[in-house]
file data_33.cif (mmCIF, C-alpha atoms)
data_start
loop_
_atom_site.label_atom_id
_atom_site.label_comp_id
_atom_site.auth_asym_id
_atom_site.auth_seq_id
_atom_site.Cartn_x
_atom_site.Cartn_y
_atom_site.Cartn_z
CA MET M 24 73.32 62.31 145.75
CA ALA M 25 76.97 63.29 145.42
CA GLY M 26 77.34 66.66 143.76
CA THR M 27 79.57 67.32 140.80
CA PRO M 28 81.73 70.32 141.61
CA LEU M 29 80.87 73.03 139.13
CA HIS M 30 83.59 75.50 138.31
CA ASP M 31 83.19 78.83 136.67
CA ARG M 32 84.77 77.58 133.48
CA LYS M 33 85.12 79.34 130.17
CA VAL M 34 82.29 78.58 127.78
CA SER M 35 83.60 77.55 124.36
CA VAL M 36 81.89 76.71 121.09
CA GLY M 37 82.32 73.07 122.10
CA SER M 38 80.17 73.69 125.18
CA TYR M 39 77.29 74.91 123.03
CA ILE M 40 77.68 71.93 120.71
CA ALA M 41 77.60 69.64 123.77
CA LEU M 42 74.44 71.38 125.02
CA ALA M 43 72.76 71.08 121.62
CA PHE M 44 73.75 67.41 121.48
CA ALA M 45 72.37 66.86 124.98
CA ILE M 46 69.03 68.38 123.98
CA VAL M 47 68.77 66.25 120.82
CA PHE M 48 70.00 63.12 122.60
CA PHE M 49 67.38 63.19 125.36
CA SER M 50 64.56 64.77 123.36
CA GLY M 51 63.65 61.61 121.48
CA PHE M 52 63.66 63.44 118.10
CA MET M 53 66.16 60.98 116.66
CA LYS M 54 64.53 57.86 118.05
CA SER M 55 64.79 55.40 115.20
CA ALA M 56 66.13 52.06 114.04
CA GLU M 57 67.92 53.96 111.22
CA TRP M 58 71.55 55.10 111.53
CA TYR M 59 70.59 58.43 113.11
CA GLY M 60 69.20 56.50 116.07
CA VAL M 61 72.79 56.71 117.28
CA PHE M 62 71.89 60.24 118.46
CA ASP M 63 69.06 59.01 120.67
CA PHE M 64 69.23 57.88 124.28
CA THR M 65 66.36 55.39 124.19
CA THR M 66 67.62 53.80 120.97
CA LEU M 67 71.14 53.32 122.30
CA ASN M 68 69.80 52.14 125.65
CA GLY M 69 68.41 49.19 123.66
CA SER M 70 66.43 46.35 125.16
CA PHE M 71 66.83 43.13 127.08
CA GLY M 72 66.58 39.84 125.28
CA LYS M 73 63.50 37.70 125.70
CA VAL M 74 63.36 34.37 127.42
CA VAL M 75 61.07 31.45 126.66
CA TYR M 76 58.44 30.79 129.30
CA ALA M 77 56.18 28.32 127.54
CA VAL M 78 56.33 25.95 124.59
CA LYS M 79 53.27 24.77 122.70
CA ASP M 80 52.99 22.00 120.19
CA THR M 81 50.81 23.39 117.41
CA ALA M 82 49.90 22.33 113.90
CA GLU M 83 52.76 24.45 112.47
CA GLY M 84 55.27 22.84 114.83
CA ILE M 85 56.62 23.84 118.21
CA GLN M 86 55.98 27.47 119.16
CA ALA M 87 57.68 29.24 122.01
CA SER M 88 56.14 32.07 124.00
CA THR M 89 58.67 34.61 125.20
CA TYR M 90 58.69 37.31 127.83
CA THR M 91 61.22 39.65 129.42
CA MET M 92 63.71 38.11 131.79
CA ARG M 93 61.76 39.55 134.70
CA GLY M 94 59.13 36.91 134.07
CA LYS M 95 55.41 36.97 134.67
CA GLY M 96 53.25 37.01 137.76
CA GLY M 97 55.82 38.06 140.36
CA SER M 98 54.99 40.34 143.27
CA GLY M 99 56.33 41.89 146.44
CA ALA M 100 59.94 42.43 147.45
CA ARG M 101 61.33 39.71 145.16
CA ASP M 102 59.62 41.01 142.04
CA GLY M 103 60.61 44.54 143.06
CA PHE M 104 64.22 43.48 143.30
CA ILE M 105 64.31 41.79 139.90
CA PHE M 106 62.56 44.74 138.33
CA ALA M 107 64.92 47.22 140.02
CA PHE M 108 67.79 45.14 138.71
CA THR M 109 66.61 45.68 135.15
CA LEU M 110 66.77 49.45 135.76
CA ILE M 111 70.45 49.55 136.64
CA PRO M 112 71.84 49.70 133.06
CA THR M 113 69.54 52.62 132.17
CA VAL M 114 70.67 54.58 135.22
CA MET M 115 74.33 53.78 134.50
CA PHE M 116 74.04 54.76 130.84
CA ALA M 117 72.13 57.98 131.58
CA LEU M 118 74.57 59.12 134.25
CA ALA M 119 77.53 58.17 132.05
CA MET M 120 76.17 60.31 129.19
CA ILE M 121 75.50 63.22 131.53
CA GLU M 122 79.09 62.93 132.80
CA VAL M 123 80.42 63.02 129.23
CA LEU M 124 78.22 65.97 128.22
CA GLU M 125 79.18 67.78 131.42
CA HIS M 126 82.83 67.10 130.62
CA TYR M 127 82.37 69.03 127.37
CA GLY M 128 80.71 71.88 129.24
CA ALA M 129 77.05 71.37 128.28
CA LEU M 130 75.73 72.62 131.62
CA ASN M 131 78.17 75.52 131.60
CA ALA M 132 76.76 76.62 128.26
CA ALA M 133 73.28 76.37 129.76
CA ARG M 134 74.39 78.57 132.65
CA LYS M 135 75.77 81.18 130.24
CA LEU M 136 72.51 81.23 128.25
CA LEU M 137 70.32 81.30 131.37
CA SER M 138 72.07 83.92 133.50
CA PRO M 139 70.77 87.01 131.66
CA LEU M 140 67.25 85.50 131.72
CA LEU M 141 67.05 85.00 135.47
CA LYS M 142 66.10 88.58 136.29
CA PRO M 143 63.18 88.76 133.84
CA LEU M 144 62.08 85.15 134.50
CA MET M 145 62.20 85.00 138.29
CA GLY M 146 63.46 88.36 139.54
CA ILE M 147 66.70 86.88 140.86
CA PRO M 148 70.21 88.16 139.98
CA GLY M 149 72.23 86.54 137.16
CA ASP M 150 74.92 85.67 139.75
CA THR M 151 72.75 82.77 140.83
CA GLY M 152 73.20 81.03 137.44
CA LEU M 153 75.94 78.75 138.71
CA ALA M 154 73.99 77.77 141.84
CA LEU M 155 70.92 77.18 139.68
CA ILE M 156 72.72 74.81 137.32
CA ALA M 157 74.33 73.06 140.32
CA SER M 158 70.92 72.63 141.93
CA LEU M 159 69.69 70.73 138.88
CA GLN M 160 72.33 68.09 139.59
CA SER M 161 72.54 68.07 143.37
CA THR M 162 70.18 69.55 145.94
CA ASP M 163 73.01 69.73 148.42
CA ALA M 164 75.31 71.66 146.08
CA GLY M 165 72.45 74.01 145.13
CA ALA M 166 71.40 74.64 148.73
CA SER M 167 74.91 75.25 150.04
CA MET M 168 75.73 77.61 147.15
CA THR M 169 72.51 79.52 147.82
CA ARG M 170 73.48 79.81 151.49
CA GLY M 171 76.85 81.14 150.33
CA LEU M 172 75.21 83.77 148.10
CA ILE M 173 73.03 84.94 151.01
CA ASP M 174 76.04 85.17 153.33
CA GLU M 175 77.96 87.18 150.72
CA GLY M 176 75.02 89.55 150.45
CA LYS M 177 74.40 88.72 146.78
CA LEU M 178 70.84 87.53 147.45
CA LYS M 179 68.21 89.49 149.36
CA GLU M 180 65.80 87.57 151.58
CA LYS M 181 62.93 87.67 149.09
CA GLU M 182 65.18 86.67 146.18
CA ALA M 183 66.56 83.81 148.26
CA ASP M 184 63.04 82.56 149.05
CA VAL M 185 62.04 82.69 145.37
CA PHE M 186 65.22 80.90 144.33
CA THR M 187 64.77 78.28 147.07
CA MET M 188 61.26 77.59 145.81
CA PHE M 189 62.74 76.97 142.36
CA GLN M 190 65.10 74.37 143.88
CA PHE M 191 62.54 72.76 146.19
CA SER M 192 60.07 71.58 143.52
CA ALA M 193 61.71 68.79 141.49
CA GLY M 194 64.98 69.06 143.41
CA ALA M 195 68.13 67.89 141.58
CA THR M 196 65.90 67.52 138.53
CA ILE M 197 68.45 66.06 136.11
CA VAL M 198 70.08 63.46 138.38
CA ASN M 199 66.80 62.41 140.01
CA PHE M 200 64.90 62.14 136.75
CA PHE M 201 67.61 60.15 135.02
CA SER M 202 68.15 57.86 137.99
CA SER M 203 64.50 56.78 138.14
CA GLY M 204 61.98 58.54 135.87
CA ALA M 205 63.93 57.83 132.70
CA ILE M 206 63.30 54.12 133.18
CA LEU M 207 59.58 54.61 132.59
CA PHE M 208 60.51 55.13 128.95
CA THR M 209 61.99 51.65 128.73
CA LEU M 210 58.65 49.98 129.53
CA THR M 211 56.96 48.17 126.71
CA ASN M 212 53.45 46.96 125.94
CA THR M 213 52.81 43.28 125.43
CA ASP M 214 53.38 43.75 121.68
CA GLY M 215 56.85 45.17 122.36
CA SER M 216 56.03 48.79 121.45
CA ALA M 217 57.04 51.59 123.79
CA ALA M 218 54.36 52.03 126.45
CA VAL M 219 54.84 55.67 127.45
CA PRO M 220 53.76 58.11 124.73
CA ALA M 221 56.06 60.97 125.76
CA SER M 222 59.77 61.72 125.65
CA ILE M 223 62.34 62.36 128.35
CA GLY M 224 62.82 65.80 126.77
CA LEU M 225 59.13 66.71 127.06
CA CYS M 226 59.08 65.74 130.74
CA LEU M 227 62.20 67.80 131.43
CA ILE M 228 60.71 70.86 129.70
CA VAL M 229 57.44 70.55 131.64
CA MET M 230 59.33 70.25 134.93
CA PHE M 231 61.64 73.17 134.16
CA VAL M 232 58.79 75.46 133.12
CA LEU M 233 56.83 74.59 136.26
CA LYS M 234 59.85 75.10 138.50
CA ILE M 235 59.99 78.66 137.15
CA PHE M 236 56.22 78.96 137.54
CA GLY M 237 56.42 77.82 141.17
CA ALA M 238 59.18 80.35 141.86
CA ASN M 239 56.96 83.09 140.45
CA MET M 240 54.03 81.97 142.60
CA MET M 241 56.37 82.38 145.57
CA ARG M 242 57.41 85.81 144.28
CA LEU M 243 53.77 86.83 143.98
CA TYR M 244 52.96 85.47 147.43
CA LEU M 245 55.86 87.34 149.03
CA THR M 246 54.95 90.59 147.25
CA MET M 247 51.36 90.27 148.48
CA ALA M 248 52.51 89.44 152.01
CA GLU M 249 54.74 92.54 151.95
CA LYS M 250 51.85 94.75 150.86
CA LYS M 251 49.54 93.30 153.49
CA GLN M 252 52.16 93.90 156.14
CA ALA M 253 52.66 97.48 154.93
CA ASN M 254 48.89 98.08 155.00
CA THR M 255 48.34 96.72 158.50
CA GLY M 256 51.33 98.77 159.58
CA VAL M 257 49.65 101.96 158.35
CA HIS M 258 46.34 101.03 159.98
CA GLY M 259 48.13 100.28 163.20
CA GLU M 260 49.57 103.78 163.24
CA ALA M 261 46.22 105.37 162.43
CA ALA M 262 44.42 103.57 165.25
CA MET I 26 93.84 60.02 139.71
CA SER I 27 95.52 61.55 136.66
CA GLU I 28 97.34 64.87 136.69
CA VAL I 29 95.33 68.04 136.27
CA THR I 30 97.13 69.01 133.05
CA LYS I 31 96.39 65.67 131.39
CA LYS I 32 93.04 65.50 129.65
CA PRO I 33 91.12 62.35 130.56
CA MET I 34 90.11 59.97 127.80
CA ILE I 35 86.46 60.27 126.90
CA THR I 36 86.00 56.59 127.67
CA ASP I 37 87.32 57.23 131.20
CA VAL I 38 84.80 60.01 131.67
CA PHE I 39 82.00 57.73 130.47
CA VAL I 40 83.08 54.94 132.81
CA ALA I 41 83.32 57.36 135.75
CA GLY I 42 79.76 58.46 135.02
CA ALA I 43 78.56 54.88 134.68
CA ARG I 44 80.16 54.14 138.07
CA LYS I 45 78.23 57.05 139.58
CA GLY I 46 75.10 55.59 137.98
CA TRP I 47 75.85 52.20 139.51
CA ASN I 48 76.22 53.74 142.96
CA ILE I 49 72.96 55.66 142.66
CA ALA I 50 71.16 52.61 141.27
CA VAL I 51 72.38 50.26 143.99
CA THR I 52 72.11 52.61 146.96
CA SER I 53 68.96 54.48 145.93
CA THR I 54 66.99 53.00 143.03
CA VAL I 55 66.99 49.34 144.09
CA PRO I 56 66.06 49.86 147.78
CA ASN I 57 63.40 52.43 146.89
CA VAL I 58 61.79 50.29 144.21
CA LEU I 59 61.87 47.23 146.47
CA MET I 60 60.09 49.19 149.20
CA ALA I 61 57.50 50.43 146.73
CA PHE I 62 56.71 46.88 145.55
CA VAL I 63 56.29 45.72 149.14
CA VAL I 64 53.97 48.65 149.91
CA ILE I 65 51.88 47.94 146.80
CA LYS I 66 51.69 44.25 147.69
CA ALA I 67 50.49 45.19 151.19
CA LEU I 68 47.94 47.65 149.79
CA LYS I 69 46.63 45.01 147.39
CA ILE I 70 46.29 42.24 149.99
CA THR I 71 44.47 44.49 152.44
CA GLY I 72 42.17 45.87 149.78
CA LEU I 73 43.35 49.42 150.51
CA LEU I 74 44.46 49.91 146.91
CA ASP I 75 40.94 49.31 145.63
CA MET I 76 39.64 51.65 148.30
CA MET I 77 42.09 54.36 147.25
CA GLY I 78 41.02 53.80 143.68
CA THR I 79 37.40 54.56 144.58
CA VAL I 80 38.07 57.41 147.01
CA PHE I 81 40.47 59.34 144.79
CA ALA I 82 38.78 58.59 141.48
CA PRO I 83 36.88 61.93 141.27
CA VAL I 84 39.97 64.05 142.01
CA MET I 85 42.32 62.13 139.74
CA ALA I 86 39.77 62.03 136.91
CA VAL I 87 40.29 65.80 136.48
CA VAL I 88 43.77 65.07 135.12
CA GLY I 89 42.79 61.92 133.25
CA LEU I 90 43.99 59.40 135.82
CA PRO I 91 42.35 56.52 137.74
CA GLY I 92 42.08 56.80 141.54
CA GLU I 93 44.94 54.35 142.12
CA ALA I 94 47.33 56.98 140.70
CA ALA I 95 46.99 58.75 144.06
CA ALA I 96 49.23 56.01 145.51
CA VAL I 97 51.98 57.11 143.12
CA LEU I 98 51.71 60.75 144.21
CA MET I 99 51.69 59.86 147.91
CA GLY I 100 54.76 57.72 147.34
CA ALA I 101 56.41 60.57 145.42
CA TRP I 102 56.07 62.91 148.35
CA MET I 103 58.21 60.54 150.40
CA SER I 104 60.56 59.27 147.71
CA MET I 105 60.84 59.92 143.98
CA GLY I 106 62.44 56.54 143.26
CA GLY I 107 59.80 54.77 145.33
CA ALA I 108 57.03 56.49 143.39
CA VAL I 109 58.46 55.25 140.12
CA GLY I 110 58.46 51.76 141.62
CA VAL I 111 54.81 52.16 142.64
CA ALA I 112 53.97 53.44 139.14
CA VAL I 113 55.64 50.50 137.43
CA SER I 114 54.03 48.01 139.78
CA LEU I 115 50.59 49.48 138.98
CA PHE I 116 51.45 49.45 135.27
CA ASP I 117 52.18 45.73 135.50
CA SER I 118 48.95 44.96 137.29
CA GLY I 119 47.02 46.90 134.67
CA HIS I 120 45.84 49.68 136.99
CA LEU I 121 47.81 52.27 135.01
CA THR I 122 48.50 52.50 131.27
CA GLY I 123 51.49 54.00 129.46
CA GLU I 124 49.52 57.23 128.97
CA HIS I 125 48.92 57.42 132.71
CA LEU I 126 52.64 57.02 133.36
CA ALA I 127 53.40 59.87 130.95
CA ILE I 128 50.94 62.11 132.82
CA LEU I 129 52.47 61.16 136.16
CA ALA I 130 56.18 61.32 135.24
CA PRO I 131 56.89 65.08 135.70
CA ALA I 132 54.47 65.34 138.65
CA ILE I 133 56.35 62.66 140.63
CA TYR I 134 59.41 64.91 140.64
CA LEU I 135 57.70 68.27 141.07
CA MET I 136 56.26 67.15 144.42
CA GLY I 137 58.90 64.50 145.04
CA SER I 138 60.98 63.68 148.14
CA GLN I 139 59.79 66.82 149.91
CA ILE I 140 60.11 65.49 153.44
CA GLN I 141 63.76 64.78 152.78
CA TYR I 142 64.34 68.03 150.90
CA ALA I 143 62.74 70.16 153.60
CA GLY I 144 65.87 69.36 155.57
CA ARG I 145 68.38 69.14 152.76
CA ILE I 146 67.35 72.32 150.91
CA LEU I 147 65.25 74.50 153.18
CA GLY I 148 67.27 73.64 156.29
CA VAL I 149 70.60 74.43 154.63
CA VAL I 150 69.40 77.66 153.01
CA GLY I 151 67.77 78.71 156.28
CA THR I 152 64.25 79.28 154.95
CA LYS I 153 61.79 80.64 157.56
CA ALA I 154 59.63 77.88 159.04
CA LYS I 155 56.37 79.62 158.15
CA LEU I 156 57.27 79.48 154.43
CA ILE I 157 57.78 75.69 154.40
CA PRO I 158 54.08 74.70 154.14
CA ILE I 159 53.65 77.33 151.41
CA MET I 160 56.56 75.93 149.42
CA ILE I 161 55.12 72.42 149.76
CA GLY I 162 51.75 73.79 148.64
CA PHE I 163 53.22 75.37 145.53
CA SER I 164 55.08 72.14 144.73
CA VAL I 165 51.85 70.13 144.90
CA LEU I 166 50.19 72.80 142.74
CA ASN I 167 53.07 72.45 140.26
CA ALA I 168 52.50 68.69 140.18
CA PHE I 169 48.80 69.08 139.42
CA ILE I 170 49.46 71.62 136.67
CA ALA I 171 52.04 69.22 135.22
CA MET I 172 49.49 66.37 135.13
CA PHE I 173 46.96 68.69 133.55
CA LEU I 174 49.47 69.74 130.87
CA MET I 175 50.68 66.20 130.20
CA ASN I 176 47.09 65.02 129.93
CA ILE I 177 46.64 67.49 127.07
CA LEU I 178 50.05 66.85 125.48
CA VAL I 179 49.96 63.03 125.33
#
call {"tool": "encode", "arguments": {"input": "data_33.cif", "output": "structure tokens"}}
result
Amino acid sequence: MAGTPLHDRKVSVGSYIALAFAIVFFSGFMKSAEWYGVFDFTTLNGSFGKVVYAVKDTAEGIQASTYTMRGKGGSGARDGFIFAFTLIPTVMFALAMIEVLEHYGALNAARKLLSPLLKPLMGIPGDTGLALIASLQSTDAGASMTRGLIDEGKLKEKEADVFTMFQFSAGATIVNFFSSGAILFTLTNTDGSAAVPASIGLCLIVMFVLKIFGANMMRLYLTMAEKKQANTGVHGEAA
Amino acid sequence: MSEVTKKPMITDVFVAGARKGWNIAVTSTVPNVLMAFVVIKALKITGLLDMMGTVFAPVMAVVGLPGEAAAVLMGAWMSMGGAVGVAVSLFDSGHLTGEHLAILAPAIYLMGSQIQYAGRILGVVGTKAKLIPIMIGFSVLNAFIAMFLMNILV
């Protein structure tokens, strides 16, 4: 996945507005057929038209049965291709919206809000904020920036391992989720209602919280390994 | 490309993003989903899918999923996009419901594409080899906690 170059830009009021908009837009709060549905990703993503697949002559006249353009009963590579084809607009729309929100500095605002929290949350320095935000968009950008921080001496070995764990679980979370997972929310039941009873926002929150949890498990593991090493060291001397 | 001083039109930014989306969709989503559908077809014909369903049923039941959901998680480990393809294919065939997909969605990513990322993240950062299995272990743990949480939340 090509990385968006992140610059250490100034964070303006507009950036915070963009971040707030991003949260509302992908949270599903505004999902509606009313006018405020304009602030919701799934609503604006819309739906495909239906096609007729069978016509029946009934007492009330001719009735047509419709289904999505993907059709019924397909399987294998061909069905996979047609299905994948129906995903393309969702991926394009999601990435386009992220590009626009990023243009207004949404992720930069997130970096500014997150940086002071990194020490209490994961025990890593606030300097890593930029690399952290980059890693949500591109694993390659995140990994190379982390390498840079280590080389500059801004990250100690343990901090680097904890931060790497954060990046490794659900790597490039935003781009990866919007380029495939988001399409799960476009699936419908046979009656046309949305099939998945969760929102994109909920999934992103769960992933983000667990990324931090995983990093802390790593932190705990490393601390315990350090202690064990220190203990065996002492015993070794005593023996 | 326009000059640095000139602010791009918002429509241009949108279109640039949509183009990025197109490239990702065509070079990553479509091939991955196609592969997943072929794998599922193969698993169905050979009866392995039913076998997986029985074998993994007790483990997956803990997080409110049928045994077949294990196929999604195994796919995720190799490719996130492929796993979504597997999930959708199983949704179509009635093995998984919308609720199941909601439970699986965050987990697919938390333990997703780890073979690839071992090189692309851990290799680049220079993580010690002995920590790699531990990081994979914590990622799988993350995925199971995510399924547990989603099972409660949806």
call {"tool": "atom_distance", "arguments": {"input": "data_33.cif", "atom1": "atom CA of Glu175 of chain M", "atom2": "atom CA of Val150 of chain I"}}
result
13.0 Å
call {"tool": "residues_around", "arguments": {"input": "data_33.cif", "residues": "segment 145-161 of chain M", "least_positions_apart": "3", "cutoff": "7 Å", "atoms": "all atoms listed in the file", "output": "mmCIF file with C-alpha atoms, in the frame of the given file"}}
result
data_model
loop_
_atom_site.group_PDB
_atom_site.id
_atom_site.type_symbol
_atom_site.label_atom_id
_atom_site.label_comp_id
_atom_site.auth_asym_id
_atom_site.auth_seq_id
_atom_site.Cartn_x
_atom_site.Cartn_y
_atom_site.Cartn_z
ATOM 1 C CA MET M 24 73.320 62.310 145.750
ATOM 2 C CA ALA M 25 76.970 63.290 145.420
ATOM 3 C CA GLY M 26 77.340 66.660 143.760
ATOM 4 C CA LEU M 29 80.870 73.030 139.130
ATOM 5 C CA LEU M 130 75.730 72.620 131.620
ATOM 6 C CA ARG M 134 74.390 78.570 132.650
ATOM 7 C CA LEU M 137 70.320 81.300 131.370
ATOM 8 C CA SER M 138 72.070 83.920 133.500
ATOM 9 C CA PRO M 139 70.770 87.010 131.660
ATOM 10 C CA LEU M 141 67.050 85.000 135.470
ATOM 11 C CA LYS M 142 66.100 88.580 136.290
ATOM 12 C CA ALA M 164 75.310 71.660 146.080
ATOM 13 C CA GLY M 165 72.450 74.010 145.130
ATOM 14 C CA MET M 168 75.730 77.610 147.150
ATOM 15 C CA THR M 169 72.510 79.520 147.820
ATOM 16 C CA GLU M 182 65.180 86.670 146.180
ATOM 17 C CA GLN M 190 65.100 74.370 143.880
ATOM 18 C CA GLY M 194 64.980 69.060 143.410
ATOM 19 C CA ALA M 195 68.130 67.890 141.580
ATOM 20 C CA THR M 196 65.900 67.520 138.530
ATOM 21 C CA ILE M 197 68.450 66.060 136.110
ATOM 22 C CA VAL M 198 70.080 63.460 138.380
ATOM 23 C CA ILE M 235 59.990 78.660 137.150
ATOM 24 C CA ALA M 238 59.180 80.350 141.860
ATOM 25 C CA ASN M 239 56.960 83.090 140.450
#
call {"tool": "interface_residues", "arguments": {"input": "data_33.cif", "of": "chain M", "to": "chain I", "cutoff": "7 Å", "atoms": "all atoms listed in the file", "output": "number ranges by chain"}}
result
M: 98-100, 103-104, 107-108, 111, 114-116, 118-120, 122-123, 162-163, 166-167, 169-170, 184, 188, 191-193, 202-204, 218-221, 226, 229-230, 233, 237
call {"tool": "resolve_selection", "arguments": {"input": "data_33.cif", "expression": "the PyMOL selection byres ((chain M and resi 181) around 10)", "output": "PyMOL selection string"}}
result
chain M and resi 146-147+178-180+182-187+241-242+245-246+249
call {"tool": "resolve_selection", "arguments": {"input": "data_33.cif", "expression": "the PyMOL selection byres ((chain I and resi 88) around 8)", "output": "PyMOL selection string"}}
result
chain I and resi 84-87+89-90+169+172-173+176
call {"tool": "closest_residue", "arguments": {"input": "data_33.cif", "among": "M:Pro143, M:Pro112, M:Gly72, M:Gly37", "to": "Gly94 of chain M", "atoms": "all atoms listed in the file"}}
result
M:Gly72
call {"tool": "resolve_selection", "arguments": {"input": "data_33.cif", "expression": "the PyMOL selection byres ((chain M and resi 71) around 12)", "output": "PyMOL selection string"}}
result
chain M and resi 68-70+72-74+89-93+108-110+112-113+209-211+215
call {"tool": "closest_residue", "arguments": {"input": "data_33.cif", "among": "M:Gly84, M:Gly128, M:Arg101, M:Lys79", "to": "Ala43 of chain M", "atoms": "only C-alpha atoms"}}
result
M:Gly128
call {"tool": "residues_around", "arguments": {"input": "data_33.cif", "residues": "segment 53-63 of chain M", "least_positions_apart": "2", "cutoff": "12 Å", "atoms": "only C-alpha atoms", "output": "list in words"}}
result
Ala43, Phe44, Ala45, Ile46, Val47, Phe48, Phe49, Ser50, Gly51, Thr65, Thr66, Leu67, Asn68, Gly69, Ala117, Met120, Phe208, Ala217, Ala221, Ser222, Ile223 and Gly224 of chain M
call {"tool": "write_last_selection", "arguments": {"input": "data_33.cif", "atoms": "C-alpha atoms", "output": "short mmCIF file (atom, residue, chain, number, x, y, z; two decimals), keeping the file's coordinate frame"}}
result
data_model
loop_
_atom_site.label_atom_id
_atom_site.label_comp_id
_atom_site.auth_asym_id
_atom_site.auth_seq_id
_atom_site.Cartn_x
_atom_site.Cartn_y
_atom_site.Cartn_z
CA ALA M 43 72.76 71.08 121.62
CA PHE M 44 73.75 67.41 121.48
CA ALA M 45 72.37 66.86 124.98
CA ILE M 46 69.03 68.38 123.98
CA VAL M 47 68.77 66.25 120.82
CA PHE M 48 70.00 63.12 122.60
CA PHE M 49 67.38 63.19 125.36
CA SER M 50 64.56 64.77 123.36
CA GLY M 51 63.65 61.61 121.48
CA THR M 65 66.36 55.39 124.19
CA THR M 66 67.62 53.80 120.97
CA LEU M 67 71.14 53.32 122.30
CA ASN M 68 69.80 52.14 125.65
CA GLY M 69 68.41 49.19 123.66
CA ALA M 117 72.13 57.98 131.58
CA MET M 120 76.17 60.31 129.19
CA PHE M 208 60.51 55.13 128.95
CA ALA M 217 57.04 51.59 123.79
CA ALA M 221 56.06 60.97 125.76
CA SER M 222 59.77 61.72 125.65
CA ILE M 223 62.34 62.36 128.35
CA GLY M 224 62.82 65.80 126.77
#
call {"tool": "atom_distance", "arguments": {"input": "data_33.cif", "atom1": "atom CA of Asp75 of chain I", "atom2": "atom CA of Glu93 of chain I"}}
result
7.3 Å
call {"tool": "build_atoms", "arguments": {"input": "data_33.cif", "residues": "segment 36-48 of chain I", "atoms": "N, CA and C atoms", "output": "mmCIF file, in the frame of the given file"}}
result
data_model
loop_
_atom_site.group_PDB
_atom_site.id
_atom_site.type_symbol
_atom_site.label_atom_id
_atom_site.label_comp_id
_atom_site.auth_asym_id
_atom_site.auth_seq_id
_atom_site.Cartn_x
_atom_site.Cartn_y
_atom_site.Cartn_z
ATOM 1 N N THR I 36 86.507 57.871 127.155
ATOM 2 C CA THR I 36 86.000 56.590 127.670
ATOM 3 C C THR I 36 86.089 56.551 129.194
ATOM 4 N N ASP I 37 87.171 57.180 129.737
ATOM 5 C CA ASP I 37 87.320 57.230 131.200
ATOM 6 C C ASP I 37 86.207 58.042 131.825
ATOM 7 N N VAL I 38 85.870 59.148 131.155
ATOM 8 C CA VAL I 38 84.800 60.010 131.670
ATOM 9 C C VAL I 38 83.485 59.230 131.680
ATOM 10 N N PHE I 39 83.222 58.524 130.580
ATOM 11 C CA PHE I 39 82.000 57.730 130.470
ATOM 12 C C PHE I 39 81.940 56.694 131.598
ATOM 13 N N VAL I 40 83.048 55.996 131.787
ATOM 14 C CA VAL I 40 83.080 54.940 132.810
ATOM 15 C C VAL I 40 82.894 55.536 134.206
ATOM 16 N N ALA I 41 83.489 56.713 134.442
ATOM 17 C CA ALA I 41 83.320 57.360 135.750
ATOM 18 C C ALA I 41 81.843 57.691 135.978
ATOM 19 N N GLY I 42 81.184 58.154 134.917
ATOM 20 C CA GLY I 42 79.760 58.460 135.020
ATOM 21 C C GLY I 42 78.937 57.206 135.246
ATOM 22 N N ALA I 43 79.284 56.148 134.539
ATOM 23 C CA ALA I 43 78.560 54.880 134.680
ATOM 24 C C ALA I 43 78.720 54.360 136.107
ATOM 25 N N ARG I 44 79.921 54.570 136.690
ATOM 26 C CA ARG I 44 80.160 54.140 138.070
ATOM 27 C C ARG I 44 79.267 54.921 139.025
ATOM 28 N N LYS I 45 79.128 56.230 138.768
ATOM 29 C CA LYS I 45 78.230 57.050 139.580
ATOM 30 C C LYS I 45 76.808 56.498 139.468
ATOM 31 N N GLY I 46 76.429 56.145 138.235
ATOM 32 C CA GLY I 46 75.100 55.590 137.980
ATOM 33 C C GLY I 46 74.900 54.303 138.759
ATOM 34 N N TRP I 47 75.914 53.463 138.768
ATOM 35 C CA TRP I 47 75.850 52.200 139.510
ATOM 36 C C TRP I 47 75.607 52.469 140.990
ATOM 37 N N ASN I 48 76.378 53.423 141.534
ATOM 38 C CA ASN I 48 76.220 53.740 142.960
ATOM 39 C C ASN I 48 74.830 54.254 143.275
#
